[in-house]
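**Q** File follows, coords25.tsv with TSV, C-alpha atoms and all ligand atoms:
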chain	number	residue	atom	x	y	z
A	1	MET	CA	117.90	116.79	128.25
A	2	VAL	CA	115.52	114.58	126.29
A	3	PRO	CA	116.59	114.46	122.62
A	4	ALA	CA	114.30	116.65	120.52
A	5	HIS	CA	114.51	114.31	117.54
A	6	ILE	CA	115.03	110.54	117.66
A	7	GLY	CA	115.34	108.36	114.54
A	8	ILE	CA	114.89	104.60	114.75
A	9	ILE	CA	116.05	101.94	112.30
A	10	MET	CA	113.48	99.34	113.32
A	11	ASP	CA	115.31	96.16	112.38
A	12	GLY	CA	115.07	92.48	113.33
A	13	ASN	CA	111.45	91.58	112.60
A	14	GLY	CA	112.45	88.66	110.39
A	15	ARG	CA	114.94	87.27	112.93
A	16	TRP	CA	112.33	87.61	115.67
A	17	ALA	CA	109.96	85.42	113.64
A	18	ARG	CA	112.62	82.91	112.64
A	19	LYS	CA	113.59	82.37	116.28
A	20	ARG	CA	110.01	81.29	116.87
A	21	ASN	CA	109.64	79.24	113.68
A	22	GLN	CA	107.12	81.73	112.40
A	23	VAL	CA	106.79	83.42	109.02
A	24	ARG	CA	108.49	86.79	108.50
A	25	THR	CA	105.17	88.60	108.25
A	26	GLN	CA	104.41	87.61	111.85
A	27	GLY	CA	107.57	89.47	112.82
A	28	HIS	CA	106.28	92.59	111.05
A	29	LEU	CA	102.97	92.32	112.89
A	30	GLU	CA	104.80	92.21	116.22
A	31	GLY	CA	107.02	95.04	114.97
A	32	LEU	CA	103.93	97.18	114.50
A	33	LYS	CA	102.96	96.59	118.14
A	34	ALA	CA	106.45	97.66	119.19
A	35	ALA	CA	106.09	100.80	117.07
A	36	LYS	CA	102.89	101.70	118.92
A	37	ARG	CA	104.60	101.17	122.30
A	38	ILE	CA	107.56	103.31	121.33
A	39	VAL	CA	105.45	106.11	119.84
A	40	LYS	CA	103.50	106.31	123.12
A	41	ALA	CA	106.70	106.18	125.18
A	42	ALA	CA	108.37	108.92	123.12
A	43	SER	CA	105.25	111.04	123.40
A	44	ASP	CA	105.15	110.58	127.20
A	45	MET	CA	108.86	111.45	127.47
A	46	GLY	CA	108.35	114.76	125.70
A	47	VAL	CA	110.27	113.95	122.51
A	48	SER	CA	109.31	116.41	119.74
A	49	TYR	CA	110.10	114.36	116.60
A	50	LEU	CA	110.34	110.61	116.07
A	51	THR	CA	111.40	109.35	112.63
A	52	LEU	CA	110.59	105.66	112.10
A	53	TYR	CA	112.37	103.85	109.28
A	54	ALA	CA	109.58	101.58	108.11
A	55	PHE	CA	110.52	100.78	104.50
A	56	SER	CA	113.64	101.65	102.53
A	57	THR	CA	114.06	102.32	98.81
A	58	GLU	CA	115.98	99.01	98.80
A	59	ASN	CA	113.26	97.00	100.54
A	60	TRP	CA	111.40	96.58	97.21
A	61	LYS	CA	113.88	93.76	96.54
A	62	ARG	CA	111.92	91.58	98.97
A	63	ALA	CA	109.21	89.12	97.99
A	64	ALA	CA	106.02	90.81	96.76
A	65	GLU	CA	104.04	89.11	99.53
A	66	GLU	CA	106.24	90.60	102.26
A	67	VAL	CA	106.22	94.06	100.64
A	68	GLY	CA	102.42	93.96	100.33
A	69	PHE	CA	102.07	92.89	103.95
A	70	ILE	CA	104.22	95.75	105.26
A	71	MET	CA	102.33	98.32	103.15
A	72	GLY	CA	99.03	96.88	104.40
A	73	LEU	CA	100.17	97.20	108.01
A	74	VAL	CA	101.16	100.83	107.53
A	75	LYS	CA	97.82	101.59	105.95
A	76	ARG	CA	95.86	99.90	108.72
A	77	TYR	CA	97.87	101.62	111.43
A	78	LEU	CA	97.19	105.03	109.92
A	79	ILE	CA	93.46	104.33	109.64
A	80	GLU	CA	92.90	102.70	113.01
A	81	GLU	CA	94.96	104.93	115.26
A	82	MET	CA	93.20	108.27	114.76
A	83	ASP	CA	91.78	108.23	118.32
A	84	PHE	CA	95.25	107.56	119.70
A	85	TYR	CA	96.70	110.45	117.68
A	86	ARG	CA	93.95	112.77	118.88
A	87	GLN	CA	94.30	111.79	122.54
A	88	ASN	CA	98.06	112.27	122.46
A	89	GLY	CA	98.22	115.22	120.06
A	90	ILE	CA	100.35	113.22	117.64
A	91	ARG	CA	101.03	114.67	114.21
A	92	ILE	CA	101.83	112.27	111.34
A	93	ARG	CA	104.31	113.24	108.64
A	94	HIS	CA	106.21	111.46	105.89
A	95	THR	CA	109.70	111.38	104.47
A	96	GLY	CA	110.75	109.49	101.36
A	97	ASP	CA	109.73	109.17	97.73
A	98	PHE	CA	106.01	109.82	98.06
A	99	ALA	CA	105.39	109.57	94.31
A	100	GLY	CA	106.80	106.03	94.28
A	101	LEU	CA	104.35	104.70	96.88
A	102	PRO	CA	101.31	102.63	95.87
A	103	ALA	CA	98.42	105.07	95.29
A	104	ASP	CA	96.24	103.78	98.16
A	105	ILE	CA	99.09	104.06	100.67
A	106	GLY	CA	99.94	107.57	99.49
A	107	GLN	CA	96.30	108.57	99.83
A	108	GLU	CA	96.12	107.22	103.40
A	109	ILE	CA	99.31	109.01	104.41
A	110	ARG	CA	98.04	112.26	102.92
A	111	ARG	CA	94.76	111.90	104.81
A	112	ALA	CA	96.53	111.13	108.12
A	113	MET	CA	98.84	114.12	107.62
A	114	GLU	CA	95.89	116.41	106.96
A	115	ASP	CA	93.80	115.07	109.85
A	116	THR	CA	96.65	115.50	112.34
A	117	ARG	CA	98.11	118.73	110.93
A	118	ASP	CA	97.06	120.88	113.90
A	119	PHE	CA	98.13	118.49	116.64
A	120	ARG	CA	100.91	119.99	118.73
A	121	GLY	CA	102.45	116.98	120.50
A	122	LEU	CA	104.97	114.47	119.17
A	123	GLN	CA	105.51	114.53	115.40
A	124	VAL	CA	105.92	111.02	114.01
A	125	ILE	CA	107.71	111.01	110.65
A	126	LEU	CA	107.17	107.81	108.71
A	127	ALA	CA	110.19	107.03	106.57
A	128	LEU	CA	108.43	104.95	103.96
A	129	ASN	CA	110.02	104.32	100.57
A	130	TYR	CA	112.89	106.30	102.07
A	131	GLY	CA	116.55	106.30	101.08
A	132	GLY	CA	119.08	108.89	102.20
A	133	ARG	CA	120.72	109.04	98.77
A	134	ASP	CA	117.32	109.22	97.12
A	135	GLU	CA	116.33	112.15	99.36
A	136	ILE	CA	119.52	114.02	98.42
A	137	CYS	CA	118.87	113.33	94.71
A	138	ARG	CA	115.33	114.63	95.00
A	139	ALA	CA	116.60	117.70	96.90
A	140	VAL	CA	119.08	118.46	94.12
A	141	GLY	CA	116.24	117.97	91.60
A	142	ARG	CA	114.17	120.60	93.43
A	143	MET	CA	117.15	122.97	93.35
A	144	VAL	CA	117.53	122.53	89.61
A	145	LYS	CA	113.94	122.51	88.47
A	146	GLY	CA	111.88	123.27	91.58
A	147	THR	CA	109.82	126.32	92.44
A	148	ALA	CA	111.38	129.75	91.97
A	149	GLU	CA	112.19	130.13	95.66
A	150	LEU	CA	114.26	126.91	95.59
A	151	ARG	CA	115.92	127.45	92.21
A	152	GLY	CA	119.16	129.26	91.59
A	153	GLY	CA	121.65	130.79	94.01
A	154	ASP	CA	124.81	129.31	95.44
A	155	ILE	CA	125.09	125.64	96.30
A	156	THR	CA	125.38	125.88	100.07
A	157	GLU	CA	124.53	123.44	102.84
A	158	ASP	CA	121.62	125.62	103.79
A	159	ALA	CA	120.33	125.71	100.19
A	160	ILE	CA	120.38	121.92	100.02
A	161	ARG	CA	118.80	121.57	103.46
A	162	ARG	CA	115.90	123.77	102.37
A	163	CYS	CA	115.20	121.32	99.52
A	164	LEU	CA	115.08	118.18	101.71
A	165	ASP	CA	111.73	116.50	102.40
A	166	ASN	CA	111.02	118.29	105.70
A	167	PRO	CA	113.28	121.34	106.02
A	168	ASP	CA	111.57	122.56	109.19
A	169	ILE	CA	112.49	119.44	111.16
A	170	PRO	CA	115.79	119.65	113.07
A	171	ASP	CA	118.47	117.00	112.50
A	172	PRO	CA	118.11	113.90	114.66
A	173	ASP	CA	119.98	114.08	117.96
A	174	LEU	CA	119.87	110.33	118.49
A	175	ILE	CA	119.65	107.48	115.99
A	176	ILE	CA	118.80	104.06	117.36
A	177	ARG	CA	119.36	100.86	115.41
A	178	THR	CA	117.83	97.70	116.82
A	179	ALA	CA	118.95	94.11	116.10
A	180	GLY	CA	122.65	94.84	116.16
A	181	GLU	CA	123.78	95.66	112.61
A	182	LEU	CA	126.53	98.28	112.46
A	183	ARG	CA	125.40	100.23	109.40
A	184	THR	CA	123.08	103.06	108.40
A	185	SER	CA	121.30	101.18	105.57
A	186	ASN	CA	120.73	104.53	103.83
A	187	PHE	CA	118.89	106.23	106.72
A	188	LEU	CA	118.98	110.04	106.97
A	189	LEU	CA	122.42	110.37	105.38
A	190	TRP	CA	122.38	114.16	105.20
A	191	GLU	CA	120.64	114.79	108.52
A	192	ALA	CA	122.74	112.36	110.59
A	193	ALA	CA	126.05	114.21	110.18
A	194	TYR	CA	126.28	114.84	113.93
A	195	SER	CA	123.68	112.46	115.33
A	196	GLU	CA	124.64	110.20	118.21
A	197	TYR	CA	124.23	106.51	117.37
A	198	TYR	CA	122.90	103.85	119.73
A	199	ILE	CA	123.00	100.23	118.57
A	200	SER	CA	121.06	97.61	120.48
A	201	ASP	CA	121.09	93.85	119.97
A	202	ILE	CA	117.44	93.65	121.00
A	203	LEU	CA	115.18	92.78	118.07
A	204	TRP	CA	112.60	95.43	117.23
A	205	PRO	CA	109.46	93.43	118.17
A	206	ASP	CA	110.90	93.03	121.69
A	207	TRP	CA	111.40	96.78	122.24
A	208	THR	CA	109.62	98.39	125.18
A	209	GLU	CA	109.54	101.78	126.87
A	210	ALA	CA	112.40	100.64	129.14
A	211	ASN	CA	114.66	100.11	126.10
A	212	LEU	CA	113.89	103.59	124.81
A	213	LYS	CA	114.65	105.06	128.23
A	214	ALA	CA	117.98	103.20	128.35
A	215	ALA	CA	118.90	104.61	124.91
A	216	VAL	CA	118.01	108.14	126.01
A	217	GLU	CA	120.00	107.77	129.24
A	218	ASP	CA	123.00	106.62	127.23
A	219	PHE	CA	122.56	109.61	124.90
A	220	GLN	CA	122.47	111.96	127.88
A	221	LYS	CA	126.00	110.86	128.87
A	222	ARG	CA	127.47	111.65	125.45
A	223	GLU	CA	129.56	114.72	124.88
A	224	ARG	CA	128.64	116.30	121.56
A	225	ARG	CA	131.59	118.23	120.23
A	226	TYR	CA	130.58	118.94	116.61
A	227	GLY	CA	134.24	118.93	115.65
A	228	GLY	CA	135.25	121.30	118.42
A	229	VAL	CA	137.08	120.47	121.64
A	230	THR	CA	135.88	119.67	125.15
A	231	SER	CA	135.07	122.77	127.18
A	232	SER	CA	137.51	121.60	129.90
A	233	VAL	CA	140.34	121.51	127.32
A	234	GLN	CA	139.38	124.75	125.57
A	235	GLY	CA	141.97	127.45	126.12
A	236	GLY	CA	144.76	125.01	126.98
A	237	ASN	CA	147.09	123.23	124.61
A	238	LYS	CA	148.28	120.44	126.88
A	239	PRO	CA	148.31	116.79	125.75
B	1	LIG	C1	112.92	95.37	109.70
B	1	LIG	O1	113.00	94.01	109.94
B	1	LIG	C2	111.67	95.75	108.95
B	1	LIG	C3	111.92	96.20	107.57
B	1	LIG	C4	113.08	96.33	107.00
B	1	LIG	C5	110.75	96.54	106.80
B	1	LIG	P1	113.61	93.02	108.86
B	1	LIG	O2	112.49	92.46	108.05
B	1	LIG	O3	114.72	93.63	108.11
B	1	LIG	O4	114.16	91.87	109.85
B	1	LIG	P2	115.51	91.05	109.69
B	1	LIG	O5	116.63	92.01	109.52
B	1	LIG	O6	115.33	90.15	108.51
B	1	LIG	O7	115.61	90.29	110.98
B	2	LIG	C1	116.84	98.88	107.23
B	2	LIG	O1	116.76	97.53	107.51
B	2	LIG	C2	115.52	99.38	106.71
B	2	LIG	C3	114.43	99.45	107.67
B	2	LIG	C4	114.52	99.20	108.94
B	2	LIG	C5	113.18	99.88	107.13
B	2	LIG	P1	117.19	96.42	106.44
B	2	LIG	O2	116.94	95.11	107.08
B	2	LIG	O3	116.54	96.69	105.14
B	2	LIG	O4	118.74	96.71	106.28
B	2	LIG	P2	119.95	95.78	105.81
B	2	LIG	O5	119.49	95.05	104.58
B	2	LIG	O6	120.21	94.82	106.93
B	2	LIG	O7	121.08	96.70	105.59
B	3	MG	MG	116.71	93.75	108.44
Please express the file's structure as structure tokens.

**A**
Amino acid sequence: MVPAHIGIIMDGNGRWARKRNQVRTQGHLEGLKAAKRIVKAASDMGVSYLTLYAFSTENWKRAAEEVGFIMGLVKRYLIEEMDFYRQNGIRIRHTGDFAGLPADIGQEIRRAMEDTRDFRGLQVILALNYGGRDEICRAVGRMVKGTAELRGGDITEDAIRRCLDNPDIPDPDLIIRTAGELRTSNFLLWEAAYSEYYISDILWPDWTEANLKAAVEDFQKRERRYGGVTSSVQGGNKP
């Protein structure tokens, strides 16, 4: 089965540029091209949700020039790709601290979300100014002082889930990290409790449809137990 929800930690843009003696921003530009390839590939494969980690709550530590460049790329992508979204039925969504985004970026995301609201194909969730801990903090904030329907009641997993950024979106089945680091870097901490991880050494700007297919094929061989036992062992108590 194709995973319904894939999350990608798109890492390695800077290393891609350094290998070529280019500036880091060139790596981000190539990373954007990879993002377009992978969005199209996921859409063609019949994936329902694709969450792209584009900018973390920690990425503000980077030089202002690099931060500005990344934000500019996101804005341009949202503006220029409307035909592509329409042709492929792609719906744009957002996760992260929306209020903390520069006003023009927030406005562009809002517009893209509204313009693509009725599209019924792949949903692309941009994780921009996103941190897993930050999302949980904001969820707890909504529980404490949010709207009446969110406030009060017992603190249960379901109550917290309903206060996350996009409660209707199922947890990711597969989380891909490119460029080889073995860490989550604060991506989807709550939602990834039982996600399958796939780490690739390939730098994000080099990613193609074939790499996505390889990740999905690997995922399809996994046995997801959710803390239970293998069906072949169930009922027996042998070593
Ligand atoms: C990922 O590439 C893009 C963002 C985090 C915005 P990096 O810029 O982190 O690339 P490396 O890790 O330095 O190679
Ligand atoms: C994670 O990559 C964030 C994004 C891909 C947007 P980083 O490059 O920021 O992560 P660290 O610093 O290696 O953990
Ligand atoms: Mg990195």

**Q** Please give me, as an mmCIF file with C-alpha atoms, in the coordinates of the input, the residues lying within 6 Å of ligand LIG 2 (chain B) when counting all atoms listed in the file.

**A**
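Result saved to part-v9.cif:
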data_model
loop_
_atom_site.group_PDB
_atom_site.id
_atom_site.type_symbol
_atom_site.label_atom_id
_atom_site.label_comp_id
_atom_site.auth_asym_id
_atom_site.auth_seq_id
_atom_site.Cartn_x
_atom_site.Cartn_y
_atom_site.Cartn_z
ATOM 1 C CA ILE A 9 116.050 101.940 112.300
ATOM 2 C CA MET A 10 113.480 99.340 113.320
ATOM 3 C CA ASP A 11 115.310 96.160 112.380
ATOM 4 C CA TYR A 53 112.370 103.850 109.280
ATOM 5 C CA ALA A 54 109.580 101.580 108.110
ATOM 6 C CA PHE A 55 110.520 100.780 104.500
ATOM 7 C CA SER A 56 113.640 101.650 102.530
ATOM 8 C CA ASN A 59 113.260 97.000 100.540
ATOM 9 C CA SER A 185 121.300 101.180 105.570
#

**Q** Would you pick out the contacts of Glu114 of chain A at 10 Å or less, using all atoms listed in the file, so that residues sharing its chain but fewer than 3 positions from it are not included, and give the list as a PyMOL selection string?

**A** chain A and resi 91-93+108-111+117-118

**Q** Kindly export the residues of the current selection with C-alpha atoms, as a PDB file, in the coordinates of the input.

**A**
ATOM      1  CA  ARG A  91     101.030 114.670 114.210  1.00  0.00           C
ATOM      2  CA  ILE A  92     101.830 112.270 111.340  1.00  0.00           C
ATOM      3  CA  ARG A  93     104.310 113.240 108.640  1.00  0.00           C
ATOM      4  CA  GLU A 108      96.120 107.220 103.400  1.00  0.00           C
ATOM      5  CA  ILE A 109      99.310 109.010 104.410  1.00  0.00           C
ATOM      6  CA  ARG A 110      98.040 112.260 102.920  1.00  0.00           C
ATOM      7  CA  ARG A 111      94.760 111.900 104.810  1.00  0.00           C
ATOM      8  CA  ARG A 117      98.110 118.730 110.930  1.00  0.00           C
ATOM      9  CA  ASP A 118      97.060 120.880 113.900  1.00  0.00           C
TER      10      ASP A 118
END

**Q** Rounded to one decimal, what separation in Å do you get between atom CA of Val39 of chain A and atom CA of Leu164 of chain A?

**A** 23.8 Å

**Q** So that I can check the surroundings of segment 213-215 of chain A, please list as JSON, numbers by chain every protein, DNA and RNA residue that reaches within 8 Å of it, counting all atoms listed in the file and ignoring chain neighbours fewer than 3 positions away.

**A** {"A": [176, 198, 209, 210, 218, 219]}

**Q** Using only C-alpha atoms and all ligand atoms, which residue out of A:His28, A:Arg20, A:Arg86, A:Lys145 lies closest to ligand LIG 1 (chain B)?

**A** A:His28

**Q** Taking into account all atoms listed in the file, which residue in the set A:Thr25, A:Ser48, A:Thr156, A:Asn166 is nearest to Gly68 of chain A?

**A** A:Thr25

**Q** Which is closest to Gly31 of chain A among A:Asp171, A:Asn186, A:Asp158, A:Ala17, if we use all atoms listed in the file?

**A**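 Selected residue with least distance to Gly31 of chain A: A:Ala17.
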
**Q** Show me, as a PDB file with C-alpha atoms, in the frame of the given file, the residues that have an atom within 7 Å of segment 199-202 of chain A when counting all atoms listed in the file, minus same-chain residues fewer than 6 positions from it.

**A**
ATOM      1  CA  ILE A 176     118.800 104.060 117.360  1.00  0.00           C
ATOM      2  CA  ARG A 177     119.360 100.860 115.410  1.00  0.00           C
ATOM      3  CA  THR A 178     117.830  97.700 116.820  1.00  0.00           C
ATOM      4  CA  ALA A 179     118.950  94.110 116.100  1.00  0.00           C
ATOM      5  CA  GLY A 180     122.650  94.840 116.160  1.00  0.00           C
TER       6      GLY A 180
END

**Q** For a quick check of understanding, using all atoms listed in the file, which of A:Ile6, A:Leu203, A:Glu196, A:Glu58 has the smallest distance to Arg225 of chain A?

**A**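 Among A:Ile6, A:Leu203, A:Glu196, A:Glu58, it is A:Glu196 that comes nearest to Arg225 of chain A.
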
**Q** Within 8 Å of Pro3 of chain A, counting only C-alpha atoms, which residues show up once you throw out same-chain ones fewer than 6 positions away? Write them as a PyMOL selection string, please.

**A** chain A and resi 47+173-174+216

**Q** Output C-alpha atoms for every residue in that selection, as a short mmCIF file (atom, residue, chain, number, x, y, z; two decimals), keeping the file's coordinate frame.

**A**
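So result-v9.cif came out as:
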data_model
loop_
_atom_site.label_atom_id
_atom_site.label_comp_id
_atom_site.auth_asym_id
_atom_site.auth_seq_id
_atom_site.Cartn_x
_atom_site.Cartn_y
_atom_site.Cartn_z
CA VAL A 47 110.27 113.95 122.51
CA ASP A 173 119.98 114.08 117.96
CA LEU A 174 119.87 110.33 118.49
CA VAL A 216 118.01 108.14 126.01
#

**Q** Record the distance separating atom CA of Thr51 of chain A and atom CA of His94 of chain A, expressed in Å with one decimal.

**A**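 If I compute the distance from atom CA of Thr51 of chain A to atom CA of His94 of chain A, I get 8.8 Å.
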
**Q** Counting all atoms listed in the file, which residue out of A:Leu73, A:Ala63, A:Ala193, A:Met1 sits closest to Ala35 of chain A?

**A**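 Checking each candidate against Ala35 of chain A, we get A:Leu73 as the closest.
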
**Q** Enter the distance from atom CA of Tyr77 of chain A to atom C1 of ligand LIG 1 (chain B), in Å, rounded to one decimal.

**A**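 Going from atom CA of Tyr77 of chain A over to atom C1 of ligand LIG 1 (chain B), I get 16.4 Å.
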
**Q** Could you pull the residues within 10 Å of Phe119 of chain A, counting all atoms listed in the file, minus those fewer than 2 positions along the same chain, as a list of chain:residue names?

**A**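 My reading of the contact set: A:Tyr85, A:Arg86, A:Gln87, A:Asn88, A:Gly89, A:Ile90, A:Arg91, A:Ile92, A:Asp115, A:Thr116, A:Arg117, A:Gly121, A:Leu122, A:Gln123.
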
**Q** Give the answer as one residue: which of A:His5, A:Arg18, A:Arg224, A:Lys36 has the shortest atom-to-atom distance to Glu191 of chain A, using only C-alpha atoms?

**A**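 Checking each of A:His5, A:Arg18, A:Arg224, A:Lys36 against Glu191 of chain A, counting only C-alpha atoms, the winner is A:His5.
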
**Q** At most 6 Å is the cut-off: for each residue in segment 144-215 of chain A with any atom that close to an atom of segment 130-136 of chain A, write down the nearest atom pair and the distance in Å rounded to one decimal, counting all atoms listed in the file, chain first then increasing number, as CSV.

**A**
residue,atom,partner,partner_atom,distance
A:Asn186,CA,A:Gly132,CA,4.9
A:Phe187,CA,A:Gly132,CA,5.2
A:Leu188,CA,A:Gly132,CA,4.9
A:Leu189,CA,A:Gly132,CA,4.8
